[in-house]
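Text of upload16.cif (mmCIF, C-alpha atoms) as supplied:
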data_target
#
loop_
_atom_site.label_atom_id
_atom_site.label_comp_id
_atom_site.auth_asym_id
_atom_site.auth_seq_id
_atom_site.Cartn_x
_atom_site.Cartn_y
_atom_site.Cartn_z
CA MET A 1 -52.47 -20.23 1.16
CA GLU A 2 -53.25 -20.74 4.82
CA VAL A 3 -51.37 -18.54 7.22
CA GLN A 4 -53.73 -18.74 10.17
CA ASP A 5 -51.64 -21.42 11.82
CA THR A 6 -48.89 -19.29 13.30
CA LYS A 7 -47.82 -21.76 15.97
CA SER A 8 -44.48 -23.22 15.00
CA THR A 9 -44.16 -26.97 15.08
CA LEU A 10 -40.37 -26.74 14.94
CA GLN A 11 -38.20 -27.07 17.99
CA VAL A 12 -36.67 -23.66 18.73
CA THR A 13 -33.19 -23.96 20.22
CA PRO A 14 -31.83 -21.20 22.46
CA ARG A 15 -29.27 -18.67 21.23
CA ASN A 16 -25.72 -19.90 20.92
CA GLU A 17 -24.02 -16.95 22.63
CA GLU A 18 -20.55 -18.11 21.63
CA LYS A 19 -21.48 -18.15 17.92
CA ILE A 20 -23.13 -14.73 18.16
CA LYS A 21 -20.09 -13.33 19.94
CA LYS A 22 -17.88 -14.60 17.11
CA ILE A 23 -20.10 -12.87 14.52
CA TRP A 24 -19.78 -9.51 16.34
CA LYS A 25 -16.04 -10.05 16.68
CA THR A 26 -15.72 -10.57 12.91
CA ALA A 27 -17.83 -7.44 12.37
CA GLY A 28 -15.44 -5.54 14.65
CA ILE A 29 -12.41 -6.76 12.69
CA LEU A 30 -14.00 -5.67 9.39
CA LEU A 31 -14.79 -2.26 10.86
CA VAL A 32 -11.25 -1.79 12.21
CA ILE A 33 -9.67 -2.75 8.86
CA THR A 34 -11.97 -0.34 6.99
CA LEU A 35 -11.22 2.48 9.43
CA SER A 36 -7.46 1.95 9.16
CA GLU A 37 -7.78 2.03 5.35
CA PHE A 38 -9.60 5.31 5.76
CA VAL A 39 -6.86 6.77 7.96
CA MET A 40 -4.13 5.58 5.61
CA ALA A 41 -5.85 7.20 2.61
CA PHE A 42 -5.29 10.59 4.24
CA THR A 43 -2.03 10.17 6.09
CA MET A 44 0.16 8.08 3.78
CA GLU A 45 1.72 9.24 0.55
CA ARG A 46 0.05 7.89 -2.59
CA GLY A 47 2.12 5.33 -4.44
CA ILE A 48 2.72 1.66 -5.06
CA LEU A 49 3.30 0.90 -1.36
CA LEU A 50 -0.02 2.37 -0.25
CA TYR A 51 -1.91 0.67 -3.11
CA ALA A 52 -0.32 -2.68 -2.24
CA VAL A 53 -1.36 -2.24 1.41
CA PHE A 54 -4.92 -1.40 0.32
CA ILE A 55 -5.18 -4.48 -1.89
CA ILE A 56 -3.78 -6.78 0.81
CA LEU A 57 -6.23 -5.36 3.38
CA THR A 58 -9.11 -5.74 0.91
CA VAL A 59 -8.30 -9.39 0.23
CA TRP A 60 -8.01 -9.91 3.98
CA LYS A 61 -11.50 -8.45 4.48
CA ALA A 62 -12.81 -10.63 1.64
CA LYS A 63 -11.38 -13.66 3.42
CA TYR A 64 -13.29 -12.80 6.61
CA ILE A 65 -16.54 -12.26 4.71
CA MET A 66 -16.24 -15.55 2.80
CA MET A 67 -15.02 -17.69 5.70
CA GLU A 68 -16.99 -16.28 8.63
CA PHE A 69 -20.12 -14.73 7.11
CA MET A 70 -20.63 -17.10 4.18
CA HIS A 71 -19.35 -20.07 6.23
CA LEU A 72 -17.26 -21.33 3.30
CA GLY A 73 -14.68 -22.62 5.76
CA ASP A 74 -17.31 -24.91 7.32
CA GLU A 75 -18.33 -26.48 4.01
CA ALA A 76 -17.04 -29.87 2.83
CA LYS A 77 -13.48 -29.67 1.51
CA PRO A 78 -14.37 -30.50 -2.15
CA LEU A 79 -16.90 -27.63 -2.20
CA PHE A 80 -14.40 -25.29 -0.55
CA TYR A 81 -11.77 -26.02 -3.21
CA ALA A 82 -14.33 -25.93 -6.04
CA ILE A 83 -14.96 -22.29 -5.12
CA ILE A 84 -11.43 -21.19 -4.17
CA VAL A 85 -9.25 -22.88 -6.80
CA PRO A 86 -10.85 -21.23 -9.90
CA LEU A 87 -10.17 -17.82 -8.32
CA ILE A 88 -6.43 -18.44 -8.71
CA PHE A 89 -6.82 -17.60 -12.41
CA LEU A 90 -7.73 -14.05 -11.41
CA ILE A 91 -4.19 -13.49 -10.14
CA TRP A 92 -2.94 -14.22 -13.64
CA LEU A 93 -5.50 -11.81 -15.13
CA VAL A 94 -4.47 -9.01 -12.77
CA ILE A 95 -0.76 -9.41 -13.54
CA THR A 96 -1.29 -9.65 -17.32
CA LEU A 97 -3.60 -6.65 -17.59
CA ILE A 98 -1.48 -4.43 -15.35
CA LYS A 99 1.58 -5.28 -17.44
CA GLU A 100 -0.37 -4.52 -20.61
CA ALA A 101 -1.73 -1.28 -19.15
CA SER A 102 1.70 0.00 -18.16
CA ASP A 103 2.90 -0.66 -21.72
CA ILE A 104 -0.07 1.33 -23.04
CA PHE A 105 0.88 4.09 -20.58
CA VAL A 106 4.42 4.24 -21.96
CA MET A 107 3.18 4.38 -25.56
CA ARG A 108 0.54 7.00 -24.84
CA TRP A 109 2.67 9.39 -22.81
CA MET B 1 -32.99 -54.08 8.07
CA SER B 2 -31.10 -56.22 5.55
CA ALA B 3 -32.20 -54.03 2.61
CA HIS B 4 -30.80 -51.02 4.41
CA SER B 5 -27.36 -52.52 4.91
CA THR B 6 -27.28 -53.60 1.24
CA THR B 7 -27.64 -49.99 0.05
CA ILE B 8 -24.75 -48.89 2.21
CA GLU B 9 -22.59 -51.69 0.88
CA VAL B 10 -23.36 -50.74 -2.74
CA SER B 11 -22.57 -47.06 -2.20
CA SER B 12 -19.33 -47.82 -0.41
CA LYS B 13 -18.24 -49.96 -3.36
CA ARG B 14 -18.97 -47.03 -5.67
CA GLY B 15 -16.75 -44.70 -3.66
CA VAL B 16 -17.44 -41.10 -2.71
CA TRP B 17 -17.95 -39.89 -6.29
CA GLY B 18 -19.80 -42.99 -7.54
CA GLY B 19 -23.25 -41.54 -6.88
CA GLY B 20 -25.87 -42.42 -4.33
CA ASN B 21 -24.54 -40.01 -1.71
CA GLU B 22 -23.78 -36.32 -1.22
CA PRO B 23 -20.04 -35.77 -1.43
CA LEU B 24 -20.36 -31.99 -1.09
CA LYS B 25 -22.73 -32.29 1.90
CA ALA B 26 -24.80 -29.33 0.73
CA SER B 27 -28.34 -29.12 -0.60
CA TYR B 28 -28.96 -28.56 -4.31
CA GLY B 29 -30.11 -24.98 -3.75
CA LYS B 30 -27.12 -23.98 -1.67
CA LEU B 31 -24.72 -25.60 -4.12
CA MET B 32 -26.28 -23.79 -7.07
CA MET B 33 -26.16 -20.49 -5.17
CA TRP B 34 -22.42 -21.01 -4.59
CA PHE B 35 -21.75 -21.77 -8.25
CA PHE B 36 -23.85 -18.82 -9.36
CA LEU B 37 -21.82 -16.62 -7.02
CA LEU B 38 -18.58 -18.04 -8.42
CA SER B 39 -19.67 -17.02 -11.92
CA ASP B 40 -20.70 -13.61 -10.60
CA ILE B 41 -17.30 -13.23 -8.91
CA PHE B 42 -15.72 -13.67 -12.35
CA THR B 43 -18.06 -11.10 -13.89
CA PHE B 44 -17.26 -8.49 -11.26
CA ALA B 45 -13.58 -9.40 -11.29
CA ALA B 46 -13.50 -8.77 -15.04
CA PHE B 47 -15.06 -5.32 -14.54
CA LEU B 48 -12.84 -4.36 -11.64
CA ILE B 49 -9.63 -5.59 -13.26
CA THR B 50 -10.60 -3.61 -16.37
CA TYR B 51 -10.93 -0.55 -14.13
CA LEU B 52 -7.50 -1.24 -12.65
CA ALA B 53 -5.95 -1.66 -16.10
CA ILE B 54 -7.45 1.56 -17.51
CA ARG B 55 -6.47 3.37 -14.31
CA VAL B 56 -2.87 2.23 -14.71
CA SER B 57 -2.78 3.27 -18.38
CA TYR B 58 -3.44 6.93 -17.39
CA PRO B 59 -1.05 9.16 -15.46
CA ALA B 60 -2.10 9.91 -11.88
CA TYR B 61 -2.59 13.51 -10.77
CA GLY B 62 0.85 14.62 -9.66
CA GLY B 63 0.31 18.02 -8.06
CA ALA B 64 -0.68 19.03 -4.55
CA ALA B 65 -4.14 17.84 -3.48
CA GLU B 66 -5.31 21.41 -2.69
CA THR B 67 -4.78 22.61 -6.24
CA PHE B 68 -6.50 19.65 -7.92
CA THR B 69 -8.65 20.48 -10.93
CA GLY B 70 -10.40 17.92 -13.08
CA SER B 71 -8.85 17.18 -16.44
CA ASN B 72 -9.09 14.43 -19.01
CA GLU B 73 -5.29 14.28 -19.16
CA TYR B 74 -4.86 12.46 -15.85
CA TRP B 75 -6.82 10.24 -13.47
CA PRO B 76 -8.55 12.18 -10.64
CA VAL B 77 -7.80 11.88 -6.93
CA PRO B 78 -10.85 10.04 -5.51
CA GLU B 79 -11.03 11.90 -2.19
CA LEU B 80 -11.37 15.17 -4.11
CA VAL B 81 -14.12 13.85 -6.37
CA PHE B 82 -16.22 12.14 -3.71
CA GLU B 83 -16.21 14.79 -1.01
CA ALA B 84 -19.78 16.02 -0.68
CA LEU B 85 -22.47 15.30 1.90
CA PRO B 86 -26.24 15.59 1.51
CA PHE B 87 -27.79 18.71 3.16
CA LEU B 88 -24.32 20.18 3.76
CA HIS B 89 -23.65 22.11 0.62
CA GLY B 90 -20.09 23.33 0.15
CA VAL B 91 -18.67 21.37 3.06
CA HIS B 92 -15.45 19.57 2.14
CA ALA B 93 -15.90 16.08 3.60
CA PRO B 94 -13.65 13.72 1.63
CA LEU B 95 -14.90 10.11 1.49
CA ILE B 96 -17.15 10.60 4.53
CA PHE B 97 -20.36 9.78 2.68
CA VAL B 98 -18.97 6.69 0.95
CA GLY B 99 -17.53 5.62 4.32
CA ILE B 100 -21.03 5.75 5.78
CA MET B 101 -22.34 3.70 2.83
CA THR B 102 -19.66 1.07 3.39
CA PHE B 103 -20.48 0.95 7.08
CA VAL B 104 -24.21 0.52 6.35
CA LEU B 105 -23.57 -2.36 3.94
CA ILE B 106 -21.18 -4.17 6.29
CA ALA B 107 -23.65 -3.69 9.16
CA SER B 108 -26.46 -5.16 7.05
CA SER B 109 -24.20 -8.13 6.30
CA VAL B 110 -23.71 -8.64 10.05
CA THR B 111 -27.46 -8.59 10.72
CA MET B 112 -27.84 -11.08 7.85
CA VAL B 113 -25.46 -13.58 9.51
CA LEU B 114 -27.44 -13.13 12.72
CA ALA B 115 -30.63 -13.95 10.77
CA VAL B 116 -28.97 -17.07 9.33
CA GLU B 117 -27.87 -18.08 12.83
CA ALA B 118 -31.45 -17.60 14.07
CA GLY B 119 -32.65 -19.69 11.11
CA HIS B 120 -30.45 -22.58 12.20
CA ARG B 121 -32.25 -22.46 15.55
CA ASN B 122 -35.72 -22.26 13.89
CA ASP B 123 -36.30 -19.07 15.89
CA ARG B 124 -38.86 -17.21 13.81
CA GLY B 125 -38.91 -14.09 15.98
CA ASP B 126 -35.18 -13.55 15.70
CA VAL B 127 -35.14 -14.29 11.95
CA VAL B 128 -37.86 -11.70 11.34
CA LYS B 129 -36.12 -9.13 13.54
CA TRP B 130 -32.71 -9.49 11.87
CA MET B 131 -34.17 -9.73 8.36
CA LEU B 132 -35.94 -6.43 8.97
CA TRP B 133 -32.67 -4.76 10.03
CA THR B 134 -30.91 -6.21 6.96
CA LEU B 135 -33.71 -4.95 4.71
CA LEU B 136 -33.42 -1.51 6.26
CA GLY B 137 -29.65 -1.51 5.66
CA GLY B 138 -30.13 -2.51 2.02
CA ILE B 139 -32.68 0.22 1.36
CA THR B 140 -30.48 2.82 3.12
CA PHE B 141 -27.50 1.81 0.99
CA LEU B 142 -29.51 2.11 -2.23
CA SER B 143 -30.81 5.53 -1.23
CA CYS B 144 -27.26 6.70 -0.49
CA GLN B 145 -26.11 5.41 -3.84
CA ALA B 146 -28.94 7.26 -5.60
CA TRP B 147 -27.76 10.50 -3.97
CA GLU B 148 -24.14 9.73 -4.79
CA TRP B 149 -25.00 9.20 -8.47
CA SER B 150 -27.15 12.30 -8.61
CA HIS B 151 -24.33 14.41 -7.17
CA PHE B 152 -21.80 12.83 -9.53
CA ILE B 153 -24.02 13.54 -12.55
CA HIS B 154 -24.78 17.15 -11.59
CA GLY B 155 -21.23 17.96 -10.60
CA THR B 156 -19.70 20.95 -8.86
CA GLU B 157 -20.52 24.62 -9.27
CA ALA B 158 -17.17 25.45 -10.84
CA GLY B 159 -16.97 22.60 -13.33
CA SER B 160 -13.77 22.04 -15.31
CA LEU B 161 -12.46 23.55 -18.51
CA LEU B 162 -11.84 20.62 -20.85
CA THR B 163 -10.89 20.04 -24.45
CA TYR B 164 -12.53 16.93 -25.83
CA VAL B 165 -14.04 15.35 -28.92
CA ASN B 166 -17.83 15.64 -28.77
CA GLY B 167 -20.51 13.35 -30.22
CA LEU B 168 -20.30 15.00 -33.63
CA GLY B 169 -16.57 14.35 -33.84
CA GLN B 170 -15.68 18.01 -33.25
CA ASN B 171 -12.85 19.14 -31.02
CA VAL B 172 -14.41 21.45 -28.44
CA THR B 173 -13.07 23.42 -25.47
CA GLU B 174 -15.69 24.33 -22.88
CA THR B 175 -16.50 24.22 -19.18
CA VAL B 176 -18.00 20.84 -18.35
CA PHE B 177 -20.29 20.31 -15.35
CA GLY B 178 -20.88 16.90 -13.84
CA ALA B 179 -20.61 13.66 -15.72
CA ASN B 180 -22.23 11.66 -18.49
CA LEU B 181 -21.06 8.74 -20.60
CA MET B 182 -19.29 11.04 -23.06
CA VAL B 183 -17.42 13.53 -20.89
CA ASN B 184 -17.04 14.42 -17.23
CA GLU B 185 -15.47 17.22 -15.22
CA TYR B 186 -13.46 14.89 -12.98
CA GLY B 187 -11.16 13.00 -15.31
CA PRO B 188 -10.88 10.99 -18.54
CA GLY B 189 -14.15 9.88 -20.14
CA SER B 190 -13.57 6.28 -19.10
CA PHE B 191 -13.49 7.33 -15.42
CA ALA B 192 -17.20 8.18 -15.40
CA GLN B 193 -18.06 5.33 -17.77
CA LEU B 194 -16.48 2.80 -15.44
CA PHE B 195 -18.02 4.46 -12.40
CA PHE B 196 -21.52 4.30 -13.87
CA PHE B 197 -21.11 0.79 -15.20
CA ILE B 198 -19.51 -0.89 -12.19
CA THR B 199 -21.34 0.86 -9.33
CA GLY B 200 -24.49 0.58 -11.46
CA PHE B 201 -24.08 -3.17 -11.91
CA HIS B 202 -23.39 -3.51 -8.20
CA GLY B 203 -26.43 -1.36 -7.39
CA PHE B 204 -28.52 -3.61 -9.64
CA HIS B 205 -27.36 -6.59 -7.58
CA VAL B 206 -28.26 -4.77 -4.37
CA THR B 207 -31.72 -4.00 -5.79
CA ILE B 208 -32.33 -7.68 -6.54
CA GLY B 209 -30.93 -8.44 -3.08
CA VAL B 210 -33.41 -6.07 -1.40
CA PHE B 211 -36.25 -7.75 -3.29
CA LEU B 212 -35.05 -11.19 -2.15
CA LEU B 213 -34.60 -9.96 1.43
CA PHE B 214 -38.16 -8.69 1.45
CA LEU B 215 -39.43 -12.01 0.08
CA CYS B 216 -37.48 -13.88 2.73
CA PHE B 217 -38.64 -11.54 5.51
CA TYR B 218 -42.27 -11.94 4.43
CA GLN B 219 -42.10 -15.72 4.11
CA ALA B 220 -40.44 -16.04 7.50
CA ALA B 221 -42.96 -13.69 9.12
CA VAL B 222 -46.05 -15.55 7.88
CA GLY B 223 -44.59 -18.89 8.92
CA ILE B 224 -43.93 -20.47 5.52
CA TYR B 225 -40.50 -21.70 6.64
CA ASP B 226 -41.96 -23.16 9.81
CA LYS B 227 -44.39 -25.13 7.66
CA ARG B 228 -41.60 -26.16 5.34
CA GLY B 229 -39.68 -27.44 8.31
CA HIS B 230 -36.41 -25.56 7.74
CA TYR B 231 -35.01 -22.06 7.28
CA GLU B 232 -32.60 -22.86 4.45
CA MET B 233 -33.91 -20.04 2.26
CA VAL B 234 -32.54 -17.53 4.79
CA GLU B 235 -29.14 -19.15 4.36
CA LYS B 236 -29.26 -19.05 0.54
CA ILE B 237 -30.40 -15.43 0.35
CA GLY B 238 -27.80 -14.69 3.02
CA LEU B 239 -25.07 -16.04 0.74
CA TYR B 240 -26.20 -13.70 -2.03
CA TRP B 241 -26.34 -10.73 0.33
CA HIS B 242 -22.84 -11.34 1.68
CA PHE B 243 -21.61 -11.57 -1.90
CA VAL B 244 -23.01 -8.09 -2.59
CA ASP B 245 -21.07 -6.87 0.45
CA LEU B 246 -17.95 -8.69 -0.74
CA VAL B 247 -18.08 -6.95 -4.12
CA TRP B 248 -18.57 -3.58 -2.45
CA VAL B 249 -15.39 -4.09 -0.42
CA PHE B 250 -13.47 -4.30 -3.71
CA VAL B 251 -15.41 -1.45 -5.37
CA PHE B 252 -14.65 0.71 -2.33
CA THR B 253 -10.92 0.04 -2.51
CA LEU B 254 -10.58 0.50 -6.26
CA PHE B 255 -12.83 3.51 -6.80
CA TYR B 256 -12.47 5.43 -3.58
CA LEU B 257 -9.09 4.58 -2.12
CA ILE B 258 -6.70 3.92 -5.00
#

Take the structure from the file and write it as structure tokens.
Amino acid sequence: MEVQDTKSTLQVTPRNEEKIKKIWKTAGILLVITLSEFVMAFTMERGILLYAVFIILTVWKAKYIMMEFMHLGDEAKPLFYAIIVPLIFLIWLVITLIKEASDIFVMRW
Amino acid sequence: MSAHSTTIEVSSKRGVWGGGNEPLKASYGKLMMWFFLLSDIFTFAAFLITYLAIRVSYPAYGGAAETFTGSNEYWPVPELVFEALPFLHGVHAPLIFVGIMTFVLIASSVTMVLAVEAGHRNDRGDVVKWMLWTLLGGITFLSCQAWEWSHFIHGTEAGSLLTYVNGLGQNVTETVFGANLMVNEYGPGSFAQLFFFITGFHGFHVTIGVFLLFLCFYQAAVGIYDKRGHYEMVEKIGLYWHFVDLVWVFVFTLFYLI
């Protein structure tokens, strides 16, 4: 393998400051959401409301990571739906298993 | 140019899905990475939803947080299990360490996007710089997790008095320290089992990710991507690395917040 030739033949384009600014903005949003989750864990009373808030905030963070960091939003529409649509089945799985688990809870205690 | 126009005519007759074009407008490698990640999302989702279901099937600790003691009768309060810091023995710092871990992983995801952005511009210097930061973040996260596991396994000084069925099928009552796959001082046996299995499987993904990041960093640094003519590998490994971050966001919520 030859690695002596370190001169790039590719055209280097200058930094797109607007794009980079958007990346740091997304990072800031993720940080703020995580910090507010942190604060809520200590200040709010544990219960269904708090857990629901946590799950909504988590899905919101996941949306930012997938759309902004993984650029899924910029992909062709068929690819976007090929990834997103199958995930709908997970909602069913969550509901079914939580229902089942609460029945187990009632039988066990 | 007549041959050229003929090809276009044929493909337009076939329609978008008739072949001869790229309806998804993504390279083979990127497409396969996305579908691999989709299957991995289902794997992790199955694990995490199992955690949620087992968590719901146990009663939560009902008393005041200050008087919490571990028991296999109820699920533990996470901020009272994960409350230690390295080098600061005996300091009560609930969720601080895991908060730092989360921050490190999100930060390494940010530097990864910056590397991908630099790759789009064929800017080798920037790619190498941001890949190095990402690599550093990945290694830091893994080291933190190693400490976290070690602390979880060794447990607290006080331990917890538990009654449980041991490996020989006997009913025993004794003070348990730390955690293993059979019994743990924090909560029901499945609490530690799920913790080891899910954070372990995630840590395994991070380990593979660190290896890939190093490969990518090295190949970018020696100019292989310049020779190849594009920096798509940075993008593909970036997708994997963001996925690892994505999973951690869910692990963090389920294990440490709920």

Could you check the closest approach to chain A for each of B:Val81, B:Leu88, B:Val172, B:Leu114 and tell me which residue wins, using all atoms listed in the file?
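Closest candidate: B:Leu114.
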
When distances are computed from only C-alpha atoms, which of B:Ala26, B:Ile41, B:Ala192, B:Val56 shows the smallest separation from Arg108 of chain A?
B:Val56

Residue nearest chain B - candidates A:Val32, A:Ala101, A:Met40, A:Val85, atoms counted: all atoms listed in the file:
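Smallest separation from chain B among the options: A:Ala101.
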
Run the PyMOL selection byres ((chain A) within 7 of (chain B)) mentally over the shown coordinates, then write out the matched residues as a VMD selection string, using the chain letters and numbers from the document.
chain A and resid 3 6 8 to 13 27 41 51 54 58 62 65 69 to 70 76 78 to 79 83 94 97 to 98 101 to 102 104 to 105

Can you work out which one of A:Pro14, A:Lys19, A:Glu45, A:Lys61 has the shortest atom-to-atom distance to Ile33 of chain A, counting all atoms listed in the file?
A:Lys61

Work out how far atom CA of Val206 of chain B is from atom CA of Lys63 of chain A, in Å to one decimal.
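These two atoms are separated by 20.6 Å.
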